[in-house]
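Coordinates as given in input.cif (mmCIF, C-alpha atoms (C1' of nucleotides)):
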```cif
data_structure
loop_
_atom_site.label_atom_id
_atom_site.label_comp_id
_atom_site.auth_asym_id
_atom_site.auth_seq_id
_atom_site.Cartn_x
_atom_site.Cartn_y
_atom_site.Cartn_z
CA MET A 1 -63.61 -70.29 -50.01
CA ALA A 2 -65.49 -73.26 -48.65
CA TYR A 3 -64.54 -76.89 -48.06
CA TRP A 4 -66.53 -80.01 -48.91
CA LEU A 5 -66.44 -83.78 -48.95
CA MET A 6 -67.88 -85.82 -51.80
CA LYS A 7 -68.35 -89.58 -51.86
CA SER A 8 -67.99 -91.90 -54.79
CA GLU A 9 -67.93 -95.65 -55.05
CA PRO A 10 -64.53 -96.42 -56.58
CA ASP A 11 -66.06 -99.15 -58.74
CA ALA A 12 -68.15 -96.44 -60.40
CA PHE A 13 -65.69 -93.53 -60.34
CA SER A 14 -62.42 -93.44 -58.41
CA ILE A 15 -59.73 -90.88 -57.69
CA ASP A 16 -57.62 -92.65 -60.34
CA ASP A 17 -60.40 -92.12 -62.89
CA LEU A 18 -60.45 -88.44 -61.99
CA LYS A 19 -56.67 -88.18 -62.22
CA ARG A 20 -56.75 -89.82 -65.66
CA ASP A 21 -59.51 -87.52 -66.92
CA GLY A 22 -58.27 -84.35 -65.23
CA GLN A 23 -61.79 -83.18 -64.53
CA THR A 24 -65.35 -84.46 -64.36
CA HIS A 25 -68.94 -83.44 -63.97
CA TRP A 26 -70.41 -84.79 -60.77
CA ASP A 27 -73.61 -86.20 -62.23
CA GLY A 28 -76.12 -88.59 -60.68
CA ILE A 29 -76.86 -86.78 -57.42
CA ARG A 30 -80.53 -87.54 -56.63
CA ASN A 31 -80.80 -86.24 -53.10
CA TYR A 32 -82.13 -82.77 -52.38
CA GLN A 33 -79.84 -82.01 -49.48
CA ALA A 34 -76.77 -83.01 -51.48
CA ARG A 35 -78.01 -80.98 -54.43
CA ASN A 36 -78.55 -77.96 -52.20
CA TYR A 37 -74.99 -78.20 -50.97
CA MET A 38 -73.80 -78.25 -54.58
CA ARG A 39 -75.77 -75.06 -55.17
CA GLU A 40 -73.63 -73.37 -52.52
CA MET A 41 -70.37 -74.35 -54.16
CA GLN A 42 -68.19 -71.65 -55.69
CA VAL A 43 -65.36 -71.90 -58.18
CA GLY A 44 -62.18 -72.57 -56.22
CA ASP A 45 -63.82 -74.42 -53.33
CA ALA A 46 -61.73 -77.34 -52.10
CA VAL A 47 -63.18 -80.84 -51.95
CA LEU A 48 -62.13 -84.08 -50.26
CA PHE A 49 -62.62 -87.17 -52.42
CA TYR A 50 -64.04 -90.07 -50.37
CA HIS A 51 -64.24 -93.67 -51.51
CA SER A 52 -67.41 -95.28 -50.16
CA ASN A 53 -68.88 -98.77 -50.14
CA CYS A 54 -65.46 -100.38 -50.46
CA ARG A 55 -62.80 -101.77 -48.18
CA PRO A 56 -61.54 -99.78 -46.60
CA PRO A 57 -63.63 -96.66 -47.09
CA GLY A 58 -61.82 -93.35 -46.61
CA ILE A 59 -60.47 -90.08 -47.98
CA VAL A 60 -58.17 -90.64 -50.92
CA GLY A 61 -57.39 -87.19 -52.31
CA THR A 62 -58.60 -83.73 -53.16
CA MET A 63 -60.25 -81.83 -55.99
CA LYS A 64 -61.51 -78.34 -56.62
CA VAL A 65 -64.68 -76.81 -58.00
CA ILE A 66 -64.17 -75.39 -61.50
CA LYS A 67 -67.79 -74.79 -62.50
CA THR A 68 -70.87 -73.95 -60.44
CA VAL A 69 -74.16 -75.86 -60.72
CA TYR A 70 -75.96 -76.44 -63.99
CA PRO A 71 -78.63 -78.99 -65.01
CA ASP A 72 -77.72 -82.67 -64.75
CA HIS A 73 -78.65 -83.92 -68.21
CA THR A 74 -78.35 -87.57 -67.18
CA ALA A 75 -81.71 -87.19 -65.42
CA PHE A 76 -83.34 -86.66 -68.84
CA ASP A 77 -82.01 -89.87 -70.38
CA PRO A 78 -84.34 -92.89 -69.97
CA LYS A 79 -81.38 -95.21 -70.54
CA ASP A 80 -79.34 -93.64 -67.75
CA PRO A 81 -79.39 -95.49 -64.41
CA HIS A 82 -80.12 -92.15 -62.72
CA PHE A 83 -83.00 -91.25 -65.04
CA ASP A 84 -85.73 -89.23 -63.32
CA PRO A 85 -88.99 -88.85 -65.31
CA LYS A 86 -89.92 -85.88 -63.12
CA SER A 87 -86.94 -83.89 -64.34
CA ASN A 88 -86.83 -82.34 -67.79
CA ALA A 89 -84.88 -79.72 -69.69
CA ASN A 90 -87.49 -77.02 -69.06
CA GLN A 91 -87.64 -77.71 -65.35
CA PRO A 92 -84.51 -79.56 -64.33
CA ARG A 93 -84.76 -81.01 -60.86
CA TRP A 94 -81.17 -82.15 -60.55
CA GLU A 95 -77.92 -80.30 -60.98
CA MET A 96 -74.20 -80.94 -61.00
CA VAL A 97 -70.87 -79.13 -60.67
CA ASP A 98 -67.59 -79.62 -62.49
CA LEU A 99 -64.55 -80.66 -60.50
CA ALA A 100 -60.86 -80.85 -61.32
CA TYR A 101 -58.29 -83.27 -59.95
CA VAL A 102 -55.89 -81.75 -57.44
CA SER A 103 -54.08 -84.48 -55.50
CA THR A 104 -53.99 -88.09 -54.43
CA PHE A 105 -52.97 -88.80 -50.85
CA PRO A 106 -49.76 -90.89 -50.54
CA LYS A 107 -51.82 -93.15 -48.28
CA MET A 108 -55.58 -93.01 -47.92
CA LEU A 109 -57.01 -91.84 -44.61
CA SER A 110 -59.39 -94.63 -43.74
CA LEU A 111 -62.66 -94.10 -41.97
CA ALA A 112 -61.23 -96.09 -39.04
CA GLN A 113 -58.26 -93.68 -38.81
CA LEU A 114 -60.54 -90.67 -38.98
CA ARG A 115 -62.61 -92.05 -36.12
CA LEU A 116 -59.51 -92.13 -33.92
CA GLU A 117 -59.07 -88.36 -34.21
CA PRO A 118 -61.21 -86.54 -31.63
CA ALA A 119 -60.93 -83.24 -33.50
CA LEU A 120 -62.79 -84.82 -36.42
CA SER A 121 -65.72 -86.15 -34.43
CA THR A 122 -67.85 -83.30 -35.76
CA MET A 123 -67.50 -84.45 -39.36
CA PHE A 124 -70.73 -85.49 -41.06
CA ILE A 125 -69.33 -88.76 -42.37
CA LEU A 126 -68.41 -89.84 -38.84
CA ARG A 127 -71.89 -89.31 -37.49
CA LYS A 128 -74.00 -92.38 -37.07
CA GLY A 129 -76.26 -93.23 -39.94
CA ASN A 130 -75.10 -90.44 -42.18
CA ARG A 131 -75.51 -91.36 -45.82
CA LEU A 132 -75.33 -87.96 -47.42
CA SER A 133 -72.88 -88.08 -50.31
CA ILE A 134 -72.00 -84.37 -50.26
CA THR A 135 -71.26 -82.62 -46.99
CA PRO A 136 -69.58 -79.40 -45.87
CA VAL A 137 -66.23 -79.56 -44.10
CA THR A 138 -64.99 -76.83 -41.78
CA LYS A 139 -61.62 -75.16 -42.22
CA GLU A 140 -60.58 -76.64 -38.88
CA GLU A 141 -61.50 -80.16 -39.99
CA TRP A 142 -59.66 -79.65 -43.27
CA GLN A 143 -56.51 -78.59 -41.40
CA VAL A 144 -56.73 -81.51 -38.98
CA ILE A 145 -57.02 -83.90 -41.90
CA PHE A 146 -53.82 -82.58 -43.47
CA ARG A 147 -51.96 -82.70 -40.16
CA LEU A 148 -53.13 -86.28 -39.80
CA LEU A 149 -51.91 -87.00 -43.31
CA GLU A 150 -48.42 -85.71 -42.43
CA SER A 151 -48.28 -87.63 -39.17
CA VAL A 152 -49.08 -90.96 -40.81
CA GLY A 153 -47.07 -90.17 -43.93
"C1'" DG B 1 -74.55 -110.83 -47.15
"C1'" DC B 2 -76.61 -108.40 -43.27
"C1'" DC B 3 -78.97 -104.78 -41.53
"C1'" DA B 4 -79.49 -100.04 -39.39
"C1'" DA B 5 -80.45 -95.62 -40.84
"C1'" DC B 6 -82.48 -92.70 -43.73
"C1'" DG B 7 -85.20 -90.47 -47.74
"C1'" DT B 8 -89.15 -90.87 -50.69
"C1'" DT B 9 -93.65 -92.29 -52.10
"C1'" DG B 10 -98.40 -92.59 -51.96
"C1'" DG B 11 -102.82 -93.99 -49.75
"C1'" DC B 12 -105.84 -92.16 -46.67
"C1'" DG C 1 -100.44 -83.84 -43.17
"C1'" DC C 2 -99.62 -88.44 -41.30
"C1'" DC C 3 -97.24 -92.52 -41.59
"C1'" DA C 4 -96.48 -97.33 -43.31
"C1'" DA C 5 -94.14 -99.38 -46.93
"C1'" DC C 6 -90.49 -99.45 -49.73
"C1'" DG C 7 -85.89 -98.60 -51.82
"C1'" DT C 8 -81.18 -97.16 -51.13
"C1'" DT C 9 -76.85 -96.32 -48.82
"C1'" DG C 10 -72.88 -97.93 -46.94
"C1'" DG C 11 -70.24 -99.76 -42.90
"C1'" DC C 12 -69.21 -104.00 -41.12
#
```
Encoded form (structure tokens):
Amino acid sequence: MAYWLMKSEPDAFSIDDLKRDGQTHWDGIRNYQARNYMREMQVGDAVLFYHSNCRPPGIVGTMKVIKTVYPDHTAFDPKDPHFDPKSNANQPRWEMVDLAYVSTFPKMLSLAQLRLEPALSTMFILRKGNRLSITPVTKEEWQVIFRLLESVG
DNA sequence: GCCAACGTTGGC
DNA sequence: GCCAACGTTGGC
């Protein structure tokens, strides 16, 4: 089983939206590296939910993969904000996975808090200039995050 | 709102 | 295949 982190702007889709819906398809990814990471995902993989472009940004909960990649149909829809004319049903360029809600942290772990933890300095989201919305997380990082959660809880 | 960092596009 | 221009992301 692998571990991941996925970003979403809470104005667009938040952990509360996911909790309400129970599950979602993670559509709208238009970055090859992020898509390639999704291709590696297996059912049962654990995922950190990160709120980006908000104050404060940080990890707010967890989810799990319940369906592996399949074509992202929103790329075919000219009215969709993520429409891509170079993607079509015969040759889909973009894909998505399905995710289910697992948990909401009692208190979010803010980016500032994460930066204070030396053991997390290897995380993609803490590296300068990283904008990738889907990144792998190591088992060690995952465990540190949950220890951190208990210590601040 | 600013702006650094980054990915993509397209002319050559 | 290079690289300047452009658009986007996302923390601050």
**Distance criterion (only C-alpha atoms (C1' of nucleotides)): nearest to chain B out of A:Tyr37, A:Tyr32, A:Trp26, A:Tyr3** =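 Nearest to chain B: A:Tyr32.
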**Request:** List, as a list in words, every residue that the PyMOL selection byres ((chain C) within 8 of (chain A)) selects in the file provided.
**Result:**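 For this structure, the PyMOL selection byres ((chain C) within 8 of (chain A)) resolves to DT9, DG10 and DG11 of chain C.
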**Request:** Show which residues sit within 9 Å of range 1-8 of chain C, as a list of chain:residue names. Count all atoms listed in the file, and ignore same-chain residues fewer than 6 positions away.
**Result:**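 The residues that qualify are B:DC6, B:DG7, B:DT8, B:DT9.
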**Message:** On this structure, the PyMOL selection byres ((chain A and resi 82) around 12) would catch which residues? List them as a ChimeraX atom specification, sorted by chain and number.
**Reply:** /A:27-31,72-81,83-87,94
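Picture a line from CA of Ile15 in chain A to CA of Gln113 in chain A; it runs 19.1 Å.
Rounded to one decimal, CA of Glu140 in chain A and CA of Asp45 in chain A lie 15.0 Å from each other.
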**Item:** Point-to-point distance from CA of Met6 in chain A to CA of Asp21 in chain A, Å rounded to tenths
**Value:**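 If I compute the distance from CA of Met6 in chain A to CA of Asp21 in chain A, I get 17.4 Å.
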Just the residues within 12 Å of Gln143 in chain A, please, counting all atoms listed in the file, with nothing from its chain fewer than 4 positions along; format it as a tab-separated table (two decimals) with C-alpha atoms, keeping the file's coordinate frame.
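Result file result.tsv:
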```
chain	number	residue	atom	x	y	z
A	3	TYR	CA	-64.54	-76.89	-48.06
A	46	ALA	CA	-61.73	-77.34	-52.10
A	48	LEU	CA	-62.13	-84.08	-50.26
A	119	ALA	CA	-60.93	-83.24	-33.50
A	120	LEU	CA	-62.79	-84.82	-36.42
A	137	VAL	CA	-66.23	-79.56	-44.10
A	138	THR	CA	-64.99	-76.83	-41.78
A	139	LYS	CA	-61.62	-75.16	-42.22
A	147	ARG	CA	-51.96	-82.70	-40.16
A	148	LEU	CA	-53.13	-86.28	-39.80
A	149	LEU	CA	-51.91	-87.00	-43.31
A	150	GLU	CA	-48.42	-85.71	-42.43
```
**Residues matched by the PyMOL selection byres ((chain A and resi 24) around 12) as an MDAnalysis selection string** = chainID A and resid 13:23 25:27 63:67 96:101
